[in-house]
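Peer 1: File name entry32.cif; file contents mmCIF, C-alpha atoms; full text below.
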data_my_file
loop_
_atom_site.label_atom_id
_atom_site.label_comp_id
_atom_site.auth_asym_id
_atom_site.auth_seq_id
_atom_site.Cartn_x
_atom_site.Cartn_y
_atom_site.Cartn_z
CA MET B 11 30.44 -73.93 69.18
CA ASP B 12 28.94 -76.90 67.39
CA PHE B 13 29.28 -75.95 63.74
CA GLU B 14 28.06 -79.30 62.52
CA LEU B 15 24.73 -78.76 64.26
CA MET B 16 24.50 -75.29 62.76
CA ILE B 17 25.05 -76.63 59.24
CA ASN B 18 22.70 -79.57 59.75
CA SER B 19 19.87 -77.47 61.17
CA PHE B 20 20.12 -74.79 58.50
CA PRO B 21 18.02 -76.58 55.81
CA LYS B 22 15.39 -77.56 58.40
CA LEU B 23 15.12 -73.98 59.62
CA LEU B 24 15.03 -72.66 56.08
CA ASN B 25 12.10 -74.95 55.30
CA ALA B 26 10.35 -73.67 58.41
CA ALA B 27 10.99 -70.09 57.28
CA VAL B 28 8.76 -70.82 54.28
CA ILE B 29 5.86 -71.44 56.69
CA THR B 30 6.70 -68.22 58.51
CA LEU B 31 6.58 -66.32 55.21
CA LYS B 32 3.28 -67.97 54.26
CA LEU B 33 1.71 -67.03 57.57
CA LEU B 34 3.08 -63.53 57.23
CA SER B 35 1.92 -62.88 53.67
CA VAL B 36 -1.60 -64.28 54.08
CA SER B 37 -2.20 -62.39 57.31
CA LEU B 38 -0.79 -59.17 55.87
CA ILE B 39 -3.10 -59.33 52.85
CA VAL B 40 -6.19 -60.04 54.97
CA GLY B 41 -5.01 -57.50 57.55
CA LEU B 42 -4.65 -54.83 54.92
CA PHE B 43 -8.29 -55.27 53.90
CA ILE B 44 -9.41 -55.11 57.52
CA GLY B 45 -7.18 -52.10 58.11
CA PHE B 46 -8.59 -50.21 55.16
CA LEU B 47 -12.15 -51.00 56.17
CA PHE B 48 -11.66 -49.85 59.74
CA ALA B 49 -9.65 -46.77 58.78
CA ILE B 50 -12.59 -45.65 56.64
CA LEU B 51 -15.03 -46.46 59.45
CA ARG B 52 -12.88 -44.36 61.81
CA LEU B 53 -13.28 -41.37 59.49
CA ASN B 54 -17.06 -41.81 59.46
CA LYS B 55 -19.00 -39.00 61.14
CA ASN B 56 -21.53 -41.38 62.70
CA ILE B 57 -20.43 -41.64 66.32
CA PHE B 58 -21.47 -45.29 66.75
CA ILE B 59 -19.56 -46.51 63.71
CA ASN B 60 -16.62 -44.38 64.76
CA ARG B 61 -16.64 -45.71 68.33
CA PHE B 62 -16.98 -49.29 67.11
CA ALA B 63 -13.90 -48.96 64.90
CA TYR B 64 -11.98 -47.27 67.73
CA GLY B 65 -13.00 -50.03 70.15
CA TYR B 66 -11.75 -52.69 67.75
CA SER B 67 -8.33 -51.13 67.38
CA TYR B 68 -8.10 -50.33 71.11
CA VAL B 69 -8.82 -53.91 72.18
CA PHE B 70 -6.49 -55.52 69.65
CA ARG B 71 -3.67 -53.09 70.34
CA GLY B 72 -4.12 -53.21 74.10
CA THR B 73 -3.89 -56.98 74.55
CA PRO B 74 -1.00 -59.34 73.78
CA LEU B 75 -1.15 -61.25 70.51
CA LEU B 76 -0.73 -64.47 72.49
CA VAL B 77 -4.08 -63.90 74.25
CA GLN B 78 -5.75 -63.27 70.91
CA ILE B 79 -4.43 -66.50 69.42
CA PHE B 80 -5.45 -68.49 72.50
CA ILE B 81 -8.97 -67.04 72.52
CA ILE B 82 -9.44 -67.93 68.86
CA TYR B 83 -7.76 -71.34 68.93
CA PHE B 84 -8.74 -72.69 72.37
CA GLY B 85 -11.67 -70.44 73.19
CA LEU B 86 -13.89 -70.43 70.13
CA GLY B 87 -13.86 -74.21 69.86
CA GLN B 88 -15.73 -74.29 73.14
CA ILE B 89 -18.88 -72.74 71.66
CA GLU B 90 -21.15 -75.67 70.72
CA TYR B 91 -22.99 -73.69 68.08
CA LEU B 92 -19.80 -72.87 66.17
CA ARG B 93 -18.87 -76.52 66.01
CA SER B 94 -21.97 -77.28 63.95
CA THR B 95 -21.42 -74.56 61.35
CA PHE B 96 -19.10 -74.52 58.36
CA LEU B 97 -16.81 -72.16 60.30
CA TRP B 98 -15.61 -75.14 62.28
CA VAL B 99 -13.77 -76.45 59.25
CA ILE B 100 -11.58 -73.36 59.50
CA LEU B 101 -11.48 -72.95 63.28
CA LYS B 102 -10.28 -76.46 64.04
CA GLU B 103 -7.09 -75.87 62.05
CA PRO B 104 -4.33 -74.17 64.05
CA TYR B 105 -3.00 -72.70 60.80
CA TRP B 106 -6.19 -70.76 60.08
CA CYS B 107 -6.69 -69.77 63.71
CA ALA B 108 -3.20 -68.28 63.74
CA ILE B 109 -3.91 -66.43 60.50
CA ILE B 110 -7.22 -65.06 61.80
CA ALA B 111 -5.51 -63.81 64.96
CA PHE B 112 -2.58 -62.27 63.05
CA ALA B 113 -4.87 -60.65 60.48
CA LEU B 114 -7.13 -59.12 63.13
CA ASN B 115 -4.08 -57.91 65.06
CA THR B 116 -2.24 -56.36 62.14
CA GLY B 117 -5.58 -55.01 60.85
CA ALA B 118 -5.94 -52.98 64.05
CA TYR B 119 -2.46 -51.46 63.72
CA THR B 120 -2.88 -50.91 59.98
CA SER B 121 -6.17 -49.10 60.52
CA GLU B 122 -4.41 -46.68 62.89
CA ILE B 123 -1.59 -46.10 60.41
CA LEU B 124 -3.98 -45.47 57.52
CA ARG B 125 -6.31 -43.30 59.60
CA SER B 126 -3.52 -40.95 60.59
CA ALA B 127 -2.34 -40.92 56.96
CA PHE B 128 -5.82 -39.92 55.79
CA GLN B 129 -6.05 -37.25 58.46
CA THR B 130 -2.72 -35.68 57.58
CA ILE B 131 -3.69 -35.10 53.94
CA LYS B 132 -3.77 -31.33 53.51
CA PRO B 133 -7.36 -30.06 53.07
CA GLY B 134 -6.06 -27.87 50.22
CA ILE B 135 -5.48 -30.94 48.08
CA ILE B 136 -9.07 -32.12 48.48
CA GLU B 137 -10.38 -28.57 47.94
CA ALA B 138 -8.32 -28.30 44.76
CA GLY B 139 -9.99 -31.47 43.53
CA GLN B 140 -13.42 -30.15 44.41
CA SER B 141 -12.84 -26.83 42.67
CA LEU B 142 -11.78 -28.72 39.55
CA GLY B 143 -15.23 -30.30 39.61
CA ILE B 144 -14.04 -33.84 40.38
CA SER B 145 -16.68 -35.99 42.08
CA SER B 146 -16.03 -36.84 45.69
CA LYS B 147 -15.84 -40.55 44.88
CA ILE B 148 -13.02 -39.97 42.41
CA ILE B 149 -11.31 -37.56 44.80
CA PHE B 150 -11.31 -40.37 47.34
CA TYR B 151 -10.04 -43.11 45.01
CA LYS B 152 -7.66 -41.12 42.86
CA ILE B 153 -6.35 -38.49 45.25
CA GLN B 154 -6.85 -39.43 48.89
CA ILE B 155 -6.02 -43.13 48.71
CA PRO B 156 -2.73 -42.80 46.76
CA ILE B 157 -1.51 -40.02 49.04
CA ALA B 158 -2.51 -41.96 52.15
CA ILE B 159 -0.70 -45.07 50.92
CA ARG B 160 2.48 -43.10 50.27
CA GLN B 161 2.24 -41.38 53.67
CA SER B 162 1.83 -44.64 55.53
CA LEU B 163 4.64 -46.58 53.83
CA PRO B 164 7.34 -46.06 56.51
CA ALA B 165 5.01 -46.92 59.39
CA TYR B 166 3.58 -49.86 57.49
CA GLY B 167 7.10 -51.19 56.86
CA ASN B 168 7.62 -51.24 60.62
CA GLU B 169 4.32 -53.02 61.04
CA ILE B 170 5.37 -55.73 58.53
CA ILE B 171 8.53 -56.37 60.53
CA LEU B 172 6.60 -56.44 63.82
CA MET B 173 4.14 -58.86 62.27
CA MET B 174 6.95 -61.09 61.03
CA LYS B 175 8.17 -61.30 64.61
CA GLY B 176 4.58 -61.90 65.69
CA THR B 177 4.23 -64.99 63.50
CA SER B 178 6.65 -66.71 65.88
CA LEU B 179 3.68 -67.10 68.23
CA ALA B 180 2.18 -69.61 65.82
CA SER B 181 4.57 -72.09 67.41
CA THR B 182 2.48 -71.91 70.61
CA VAL B 183 -0.47 -73.49 68.80
CA THR B 184 1.56 -76.46 67.49
CA LEU B 185 2.55 -74.92 64.13
CA MET B 186 6.11 -75.68 63.09
CA ASP B 187 7.21 -72.27 61.85
CA LEU B 188 10.80 -70.99 62.11
CA THR B 189 10.58 -70.41 65.87
CA GLY B 190 8.71 -73.69 66.39
CA VAL B 191 11.39 -75.72 64.63
CA ALA B 192 14.15 -73.76 66.37
CA LYS B 193 12.59 -74.55 69.75
CA TYR B 194 12.28 -78.21 68.78
CA ILE B 195 15.96 -78.42 67.82
CA ILE B 196 17.01 -76.58 70.98
CA SER B 197 14.99 -78.86 73.22
CA THR B 198 16.39 -82.02 71.60
CA THR B 199 20.04 -80.95 71.39
CA PHE B 200 20.31 -78.44 74.27
CA LYS B 201 22.44 -76.16 72.13
CA PRO B 202 20.46 -72.90 72.35
CA ILE B 203 23.20 -70.53 71.20
CA GLU B 204 23.99 -72.29 67.93
CA VAL B 205 20.33 -72.64 66.96
CA PHE B 206 19.62 -69.06 67.98
CA ILE B 207 22.40 -67.80 65.71
CA VAL B 208 21.07 -69.70 62.68
CA ALA B 209 17.36 -69.01 63.25
CA GLY B 210 18.03 -65.41 64.28
CA GLY B 211 20.18 -64.99 61.18
CA ILE B 212 17.33 -66.11 58.96
CA TYR B 213 14.93 -63.71 60.71
CA LEU B 214 17.42 -60.85 60.38
CA PHE B 215 17.86 -61.62 56.70
CA MET B 216 14.09 -61.43 56.18
CA THR B 217 13.95 -58.16 58.14
CA PHE B 218 16.74 -56.80 55.98
CA ILE B 219 14.89 -57.68 52.75
CA ILE B 220 11.58 -56.19 53.96
CA HIS B 221 13.35 -53.05 55.16
CA ASN B 222 15.02 -52.51 51.80
CA VAL B 223 11.91 -53.22 49.73
CA ILE B 224 10.01 -50.60 51.73
CA LYS B 225 12.88 -48.13 51.37
CA PHE B 226 12.87 -48.71 47.62
CA LEU B 227 9.10 -48.16 47.42
CA GLU B 228 9.42 -45.01 49.51
CA LYS B 229 11.98 -43.61 47.11
CA LYS B 230 10.01 -44.65 44.04
CA TYR B 231 6.81 -42.99 45.22
CA SER B 232 8.34 -39.97 46.92
CA PHE B 233 6.75 -36.61 46.17
CA ASN B 234 9.86 -34.87 44.95
CA MET W 10 -18.89 -65.50 88.09
CA GLU W 11 -18.24 -68.14 90.75
CA LEU W 12 -15.21 -69.08 88.64
CA LEU W 13 -13.64 -65.82 89.78
CA ALA W 14 -14.41 -66.24 93.48
CA PHE W 15 -11.56 -65.72 95.90
CA GLY W 16 -10.46 -68.68 98.01
CA ASP W 17 -10.52 -72.38 97.21
CA THR W 18 -13.68 -72.34 95.11
CA GLY W 19 -12.61 -69.93 92.40
CA TRP W 20 -9.67 -68.50 90.54
CA GLY W 21 -10.00 -64.89 91.71
CA ASP W 22 -7.08 -64.81 94.13
CA GLU W 23 -4.83 -66.81 91.79
CA LEU W 24 -5.53 -64.42 88.94
CA PHE W 25 -5.02 -61.44 91.22
CA ARG W 26 -1.60 -62.73 92.26
CA ALA W 27 -0.82 -63.46 88.60
CA THR W 28 -1.67 -59.87 87.70
CA LEU W 29 0.71 -58.62 90.38
CA MET W 30 3.34 -60.95 88.92
CA THR W 31 2.81 -59.49 85.45
CA ILE W 32 3.22 -55.98 86.87
CA ALA W 33 6.34 -57.02 88.81
CA VAL W 34 7.95 -58.64 85.74
CA SER W 35 7.10 -55.64 83.55
CA ILE W 36 8.59 -53.13 86.00
CA THR W 37 11.72 -55.25 86.55
CA ALA W 38 12.14 -55.70 82.80
CA MET W 39 11.66 -51.97 82.24
CA ILE W 40 14.36 -51.17 84.83
CA ILE W 41 16.75 -53.73 83.31
CA GLY W 42 15.94 -52.18 79.94
CA PHE W 43 16.79 -48.70 81.25
CA SER W 44 20.16 -49.90 82.48
CA PHE W 45 20.85 -51.40 79.06
CA ALA W 46 19.76 -48.13 77.49
CA ALA W 47 22.05 -46.23 79.86
CA ILE W 48 24.96 -48.26 78.46
CA PHE W 49 24.01 -48.30 74.80
CA THR W 50 22.63 -44.79 74.27
CA PRO W 51 26.05 -43.14 74.86
CA LEU W 52 27.59 -45.75 72.53
CA LYS W 53 25.04 -44.84 69.85
CA LEU W 54 25.77 -41.13 70.23
CA SER W 55 29.53 -41.61 70.41
CA LYS W 56 31.72 -40.24 67.63
CA LEU W 57 33.66 -43.50 67.47
CA LYS W 58 32.44 -45.75 64.64
CA SER W 59 33.34 -48.95 66.48
CA LEU W 60 31.24 -48.01 69.51
CA ASN W 61 28.34 -47.12 67.19
CA LEU W 62 28.66 -50.53 65.60
CA ILE W 63 28.33 -52.32 68.95
CA ALA W 64 25.19 -50.41 69.86
CA ASN W 65 23.68 -50.77 66.40
CA THR W 66 24.27 -54.52 66.40
CA TYR W 67 22.40 -54.80 69.68
CA THR W 68 19.37 -52.79 68.60
CA THR W 69 19.23 -54.36 65.13
CA ILE W 70 19.31 -57.92 66.41
CA ILE W 71 16.67 -57.30 69.04
CA ARG W 72 14.38 -55.48 66.66
CA GLY W 73 14.75 -58.10 63.93
CA VAL W 74 14.47 -61.33 65.91
CA PRO W 75 11.18 -62.49 67.47
CA GLU W 76 10.79 -62.00 71.22
CA LEU W 77 9.86 -65.64 71.64
CA LEU W 78 13.18 -66.79 70.16
CA VAL W 79 15.07 -64.52 72.57
CA ILE W 80 13.07 -65.97 75.46
CA TYR W 81 13.87 -69.53 74.37
CA LEU W 82 17.56 -68.59 74.19
CA PHE W 83 17.48 -67.37 77.79
CA PHE W 84 15.25 -70.17 79.02
CA PHE W 85 17.38 -72.98 77.58
CA GLY W 86 20.72 -71.19 77.62
CA GLY W 87 20.53 -69.08 80.78
CA SER W 88 21.58 -71.58 83.40
CA GLY W 89 24.18 -73.07 81.04
CA ALA W 90 25.82 -69.68 80.62
CA ILE W 91 25.80 -68.99 84.37
CA MET W 92 27.26 -72.43 85.06
CA PHE W 93 29.98 -71.84 82.49
CA VAL W 94 30.96 -68.60 84.20
CA ALA W 95 30.78 -70.27 87.62
CA SER W 96 32.98 -73.13 86.45
CA MET W 97 35.72 -70.65 85.61
CA PHE W 98 35.71 -69.70 89.28
CA GLY W 99 35.86 -73.34 90.26
CA TYR W 100 32.19 -73.90 91.09
CA ASN W 101 30.87 -77.01 89.35
CA GLU W 102 27.49 -77.67 90.97
CA TYR W 103 24.25 -77.40 88.99
CA ILE W 104 22.79 -73.90 89.11
CA GLU W 105 19.17 -73.22 88.32
CA ILE W 106 18.03 -69.63 87.85
CA ASN W 107 14.39 -69.01 88.56
CA ALA W 108 11.88 -68.17 85.86
CA PHE W 109 11.32 -64.64 87.17
CA ILE W 110 14.95 -63.63 86.68
CA THR W 111 15.32 -65.34 83.29
CA GLY W 112 12.04 -63.84 82.09
CA SER W 113 12.69 -60.30 83.27
CA PHE W 114 16.17 -60.41 81.79
CA ALA W 115 14.93 -61.61 78.39
CA ILE W 116 12.15 -59.03 78.26
CA GLY W 117 14.49 -56.41 79.74
CA ILE W 118 17.02 -56.83 76.96
CA ILE W 119 14.25 -56.48 74.39
CA SER W 120 12.77 -53.43 76.06
CA GLY W 121 16.27 -51.97 76.44
CA ALA W 122 16.74 -51.91 72.67
CA TYR W 123 13.57 -49.89 72.25
CA SER W 124 14.47 -47.57 75.15
CA THR W 125 17.89 -46.98 73.61
CA GLU W 126 16.28 -45.77 70.40
CA VAL W 127 13.90 -43.54 72.34
CA PHE W 128 16.66 -41.92 74.43
CA ARG W 129 18.88 -41.47 71.39
CA GLY W 130 16.06 -39.71 69.56
CA ALA W 131 15.26 -37.54 72.58
CA ILE W 132 18.87 -36.41 73.14
CA GLN W 133 19.34 -35.70 69.46
CA SER W 134 16.30 -33.47 69.35
CA ILE W 135 17.49 -31.28 72.23
CA ASP W 136 18.64 -27.94 70.89
CA LYS W 137 22.43 -27.81 70.44
CA GLY W 138 22.52 -24.42 72.16
CA GLN W 139 21.54 -26.12 75.41
CA PHE W 140 24.73 -28.21 75.43
CA GLU W 141 26.84 -25.17 74.53
CA ALA W 142 25.19 -22.93 77.12
CA ALA W 143 25.78 -25.55 79.81
CA LYS W 144 29.44 -25.69 78.88
CA VAL W 145 29.81 -21.92 78.74
CA LEU W 146 28.26 -21.53 82.18
CA GLY W 147 31.00 -23.77 83.53
CA PHE W 148 28.86 -26.65 84.74
CA SER W 149 30.72 -29.87 85.44
CA LYS W 150 30.09 -32.75 83.00
CA PHE W 151 27.94 -34.51 85.59
CA LYS W 152 25.86 -31.40 86.29
CA GLN W 153 25.51 -30.64 82.60
CA PHE W 154 23.86 -33.97 82.08
CA TYR W 155 21.97 -34.23 85.36
CA LYS W 156 20.60 -30.68 85.60
CA ILE W 157 20.24 -29.60 81.98
CA ILE W 158 20.11 -32.46 79.51
CA LEU W 159 18.27 -35.10 81.56
CA PRO W 160 15.15 -33.05 82.42
CA GLN W 161 14.74 -31.98 78.82
CA MET W 162 15.39 -35.47 77.56
CA LEU W 163 12.74 -36.94 79.88
CA ARG W 164 10.09 -34.55 78.61
CA LEU W 165 10.79 -35.58 75.02
CA ALA W 166 11.16 -39.27 75.84
CA ILE W 167 8.07 -39.86 77.96
CA PRO W 168 5.49 -40.19 75.14
CA ASN W 169 7.68 -42.76 73.36
CA LEU W 170 8.62 -44.48 76.60
CA SER W 171 4.94 -45.07 77.21
CA ASN W 172 4.92 -47.04 73.96
CA VAL W 173 7.93 -49.03 75.16
CA TRP W 174 6.08 -49.72 78.42
CA GLN W 175 3.04 -50.99 76.51
CA ILE W 176 5.22 -53.27 74.36
CA THR W 177 7.04 -54.56 77.46
CA LEU W 178 3.80 -55.20 79.32
CA LYS W 179 2.41 -57.19 76.41
CA ASP W 180 5.69 -59.06 75.88
CA THR W 181 5.57 -60.41 79.43
CA SER W 182 2.74 -62.69 78.28
CA LEU W 183 5.38 -64.62 76.32
CA ILE W 184 7.23 -65.56 79.51
CA SER W 185 4.34 -67.92 80.21
CA VAL W 186 6.15 -70.46 77.99
CA THR W 187 8.85 -70.74 80.66
CA GLY W 188 6.31 -71.62 83.34
CA LEU W 189 6.35 -68.37 85.29
CA VAL W 190 2.85 -67.94 86.71
CA GLU W 191 1.75 -64.58 85.36
CA ILE W 192 -1.65 -63.70 83.85
CA MET W 193 -1.28 -65.85 80.75
CA ARG W 194 0.09 -68.91 82.54
CA GLN W 195 -2.53 -68.71 85.28
CA SER W 196 -5.31 -68.46 82.68
CA TYR W 197 -3.84 -71.48 80.92
CA ILE W 198 -3.90 -73.46 84.17
CA ALA W 199 -7.42 -72.31 85.01
CA ALA W 200 -8.66 -72.98 81.48
CA GLY W 201 -7.19 -76.47 81.60
CA SER W 202 -8.71 -77.46 84.90
CA THR W 203 -12.17 -75.95 84.33
CA ARG W 204 -12.38 -76.68 80.59
CA ASP W 205 -13.48 -73.11 80.05
CA PRO W 206 -10.73 -71.54 77.93
CA LEU W 207 -13.01 -68.96 76.31
CA PHE W 208 -13.89 -67.39 79.64
CA PHE W 209 -10.40 -67.39 81.13
CA TYR W 210 -8.56 -66.15 78.07
CA SER W 211 -11.15 -63.41 77.56
CA PHE W 212 -10.71 -62.48 81.21
CA ALA W 213 -6.95 -62.37 80.66
CA ALA W 214 -7.55 -60.00 77.75
CA VAL W 215 -9.66 -57.79 80.05
CA LEU W 216 -6.88 -57.78 82.68
CA TYR W 217 -4.31 -56.70 80.08
CA LEU W 218 -6.65 -53.99 78.77
CA LEU W 219 -7.13 -52.76 82.33
CA LEU W 220 -3.37 -52.66 82.89
CA THR W 221 -2.70 -50.76 79.66
CA PHE W 222 -5.58 -48.37 80.36
CA LEU W 223 -4.48 -47.57 83.91
CA SER W 224 -0.83 -47.19 82.99
CA MET W 225 -1.74 -44.79 80.19
CA LYS W 226 -3.63 -42.64 82.72
CA LEU W 227 -0.59 -42.62 84.98
CA ILE W 228 1.86 -41.82 82.20
CA ASN W 229 -0.31 -38.95 80.99
CA LYS W 230 0.01 -37.42 84.45
CA LEU W 231 3.81 -37.75 84.25
CA GLU W 232 3.75 -36.15 80.84
CA VAL W 233 1.91 -33.14 82.23
CA LYS W 234 4.38 -32.94 85.10
CA TYR W 235 7.45 -32.97 82.86
CA SER W 236 6.10 -30.52 80.31
CA ARG W 237 5.55 -27.75 82.86
CA GLY W 238 6.73 -24.53 81.34
CA TYR W 239 6.12 -25.57 77.75
#
Taking this structure as input, can you express it in the form of structure tokens?
Peer 2:
Amino acid sequence: MDFELMINSFPKLLNAAVITLKLLSVSLIVGLFIGFLFAILRLNKNIFINRFAYGYSYVFRGTPLLVQIFIIYFGLGQIEYLRSTFLWVILKEPYWCAIIAFALNTGAYTSEILRSAFQTIKPGIIEAGQSLGISSKIIFYKIQIPIAIRQSLPAYGNEIILMMKGTSLASTVTLMDLTGVAKYIISTTFKPIEVFIVAGGIYLFMTFIIHNVIKFLEKKYSFN
Amino acid sequence: MELLAFGDTGWGDELFRATLMTIAVSITAMIIGFSFAAIFTPLKLSKLKSLNLIANTYTTIIRGVPELLVIYLFFFGGSGAIMFVASMFGYNEYIEINAFITGSFAIGIISGAYSTEVFRGAIQSIDKGQFEAAKVLGFSKFKQFYKIILPQMLRLAIPNLSNVWQITLKDTSLISVTGLVEIMRQSYIAAGSTRDPLFFYSFAAVLYLLLTFLSMKLINKLEVKYSRGY
């Protein structure tokens, strides 16, 4: 065991963890919007809209995240037309490509989580709202959405942790996130176990925090 | 389309072989995962706190640390660890383990943590009366498990195991960083030499979708088979 290496690499890895957290938070926020949008589209009665939303979540859940990042980072740059538009400013940056891929990926999972939460709301609750003469818009915003959010908290907590692990793939498109820096230190020192313990420890600590925050929220917003 | 031709002119046969490699790695990893689950599930269900702790440490670490980091650990540390063990037996030559074994082991350990949770959940949701009835009827321990608990456990575990399979299948794409030529690595090579990454990565996505789609069909059949009588 090389404890000196462990102590020396700790600040470097901690700095890299900040990038991991940035990637995670931005993609979660964007992903949540996408997830909400597609969950609502999934509940639409129009079969084309419905199928489109299903297709989106099927494709993004059925393929590895690595493929999605590579298509966006290496693939889209190949289209001449895109290079001439303002989108190129975003798409030439690995940081934004990674975020787009993560957001689309977590959006697909989030839409599934929210859809099932919407579908498990008891019809009696909506009927009660209707019989009280509340407009369907307000029923949706004030009754359905809060219940759906509460219902989906445990599953969404899992999704946050999965996404945090997913951000490690940013290191494959040259970003120096926690895994990227860990790999760099491993390949220069050839001490994989020591670096794995430190980097893994930081990841586990973040998982632990996320897990407990979600648990706290679950308790705070529980029905009883 | 000529990019996908079989033979020397296209990448069809290479990608086909790569797809077989992905399937082979996934199945090997799944089997390694099952053997890990076979060890850790009893530990999780044990009444001894210390045994629980061992199993919980395993599943917590695997579920909290990115797959890629685990793969790097095996990729850079695998041959070192084997050589260390070999040196204790007096063998000091350089040993290189091939990418297939390292990769399947790394993915297998990850998939094993998920399988452990699935089996634990399945056994816990079997009715207690089943265990008691088996005991009362005088079955041996082995028969109790093999004839009574296992079939019921499989029925409950299959839907969740199909999730584990999907995760494992998608995780194999990460082994491409170690140079094993599976779908992702082959697409990377093809994209590099034809300068057409959009086409090859999209094709890789189609291959993965096809694999997940077909395996779901197969698993659904198994599910029907194991839920006979329910």
Peer 1: What are the closest atom pairs, with distances in Å to one decimal, for all residues of chain W lying within 6 Å of chain B? Consider only C-alpha atoms, order rows by chain and residue number, and present the result as JSON lines.
Peer 2:
{"residue": "W:Gly73", "atom": "CA", "partner": "B:Leu214", "partner_atom": "CA", "distance": 5.2}
{"residue": "W:Val74", "atom": "CA", "partner": "B:Gly210", "partner_atom": "CA", "distance": 5.7}
{"residue": "W:Pro75", "atom": "CA", "partner": "B:Lys175", "partner_atom": "CA", "distance": 4.3}
{"residue": "W:Leu82", "atom": "CA", "partner": "B:Pro202", "partner_atom": "CA", "distance": 5.5}
{"residue": "W:Gly86", "atom": "CA", "partner": "B:Pro202", "partner_atom": "CA", "distance": 5.5}
{"residue": "W:Lys179", "atom": "CA", "partner": "B:Pro74", "partner_atom": "CA", "distance": 4.8}
{"residue": "W:Pro206", "atom": "CA", "partner": "B:Gly85", "partner_atom": "CA", "distance": 5.0}
{"residue": "W:Leu207", "atom": "CA", "partner": "B:Gly85", "partner_atom": "CA", "distance": 3.7}
{"residue": "W:Tyr210", "atom": "CA", "partner": "B:Ile81", "partner_atom": "CA", "distance": 5.6}
{"residue": "W:Ala214", "atom": "CA", "partner": "B:Thr73", "partner_atom": "CA", "distance": 5.7}
{"residue": "W:Tyr217", "atom": "CA", "partner": "B:Thr73", "partner_atom": "CA", "distance": 5.6}
{"residue": "W:Leu218", "atom": "CA", "partner": "B:Gly72", "partner_atom": "CA", "distance": 5.4}
Peer 1: Apply the PyMOL selection byres ((chain B and resi 168) around 12) to the file shown and report the selected residues as an MDAnalysis selection string.
Peer 2: (chainID B and resid 116 119:120 123 162:167 169:175 217:218 220:225) or (chainID W and resid 72:73)
Peer 1: Would you pick out the contacts of Asn60 in chain B at 10 Å or less, using all atoms listed in the file, so that residues sharing its chain but fewer than 6 positions from it are not included, and give the list as a PDB file with C-alpha atoms, in the frame of the given file?
Peer 2:
ATOM      1  CA  PHE B  48     -11.660 -49.850  59.740  1.00  0.00           C
ATOM      2  CA  ALA B  49      -9.650 -46.770  58.780  1.00  0.00           C
ATOM      3  CA  ILE B  50     -12.590 -45.650  56.640  1.00  0.00           C
ATOM      4  CA  LEU B  51     -15.030 -46.460  59.450  1.00  0.00           C
ATOM      5  CA  ARG B  52     -12.880 -44.360  61.810  1.00  0.00           C
ATOM      6  CA  LEU B  53     -13.280 -41.370  59.490  1.00  0.00           C
ATOM      7  CA  ASN B  54     -17.060 -41.810  59.460  1.00  0.00           C
TER       8      ASN B  54
END
Peer 1: Just want the 7 Å neighbourhood of Met16 in chain B, counted on all atoms listed in the file, with same-chain residues fewer than 2 positions away dropped. Output as a list in words.
Peer 2: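 Surrounding residues, per the criterion: Asp12, Phe13, Glu14, Asn18, Ser19, Phe20, Glu204, Val205 and Val208 of chain B.
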Peer 1: Find the residues near Ile29 in chain B: any atom within 9 Å, counting only C-alpha atoms, skip ones fewer than 5 places away on the same chain, and give them as a list in words.
Peer 2: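 Once the adjacent positions are removed, what remains is Leu34, Leu185, Met186, Asp187 and Leu188 of chain B.
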Peer 1: Can you put N, CA and C atoms back into range 69-77 of chain W and show it as a PDB file, keeping the file's coordinate frame?
Peer 2:
ATOM      1  N   THR W  69      19.711 -53.708  66.347  1.00  0.00           N
ATOM      2  CA  THR W  69      19.230 -54.360  65.130  1.00  0.00           C
ATOM      3  C   THR W  69      18.812 -55.789  65.386  1.00  0.00           C
ATOM      4  N   ILE W  70      19.650 -56.518  66.143  1.00  0.00           N
ATOM      5  CA  ILE W  70      19.310 -57.920  66.410  1.00  0.00           C
ATOM      6  C   ILE W  70      18.000 -58.008  67.181  1.00  0.00           C
ATOM      7  N   ILE W  71      17.879 -57.198  68.220  1.00  0.00           N
ATOM      8  CA  ILE W  71      16.670 -57.300  69.040  1.00  0.00           C
ATOM      9  C   ILE W  71      15.434 -56.900  68.250  1.00  0.00           C
ATOM     10  N   ARG W  72      15.576 -55.909  67.380  1.00  0.00           N
ATOM     11  CA  ARG W  72      14.380 -55.480  66.660  1.00  0.00           C
ATOM     12  C   ARG W  72      14.059 -56.369  65.471  1.00  0.00           C
ATOM     13  N   GLY W  73      15.002 -57.252  65.081  1.00  0.00           N
ATOM     14  CA  GLY W  73      14.750 -58.100  63.930  1.00  0.00           C
ATOM     15  C   GLY W  73      14.426 -59.552  64.268  1.00  0.00           C
ATOM     16  N   VAL W  74      14.669 -59.938  65.521  1.00  0.00           N
ATOM     17  CA  VAL W  74      14.470 -61.330  65.910  1.00  0.00           C
ATOM     18  C   VAL W  74      13.255 -61.414  66.840  1.00  0.00           C
ATOM     19  N   PRO W  75      12.385 -62.409  66.653  1.00  0.00           N
ATOM     20  CA  PRO W  75      11.180 -62.490  67.470  1.00  0.00           C
ATOM     21  C   PRO W  75      11.480 -62.596  68.960  1.00  0.00           C
ATOM     22  N   GLU W  76      10.628 -61.984  69.761  1.00  0.00           N
ATOM     23  CA  GLU W  76      10.790 -62.000  71.220  1.00  0.00           C
ATOM     24  C   GLU W  76      10.827 -63.430  71.743  1.00  0.00           C
ATOM     25  N   LEU W  77       9.965 -64.264  71.156  1.00  0.00           N
ATOM     26  CA  LEU W  77       9.860 -65.640  71.640  1.00  0.00           C
ATOM     27  C   LEU W  77      11.186 -66.387  71.506  1.00  0.00           C
TER      28      LEU W  77
END
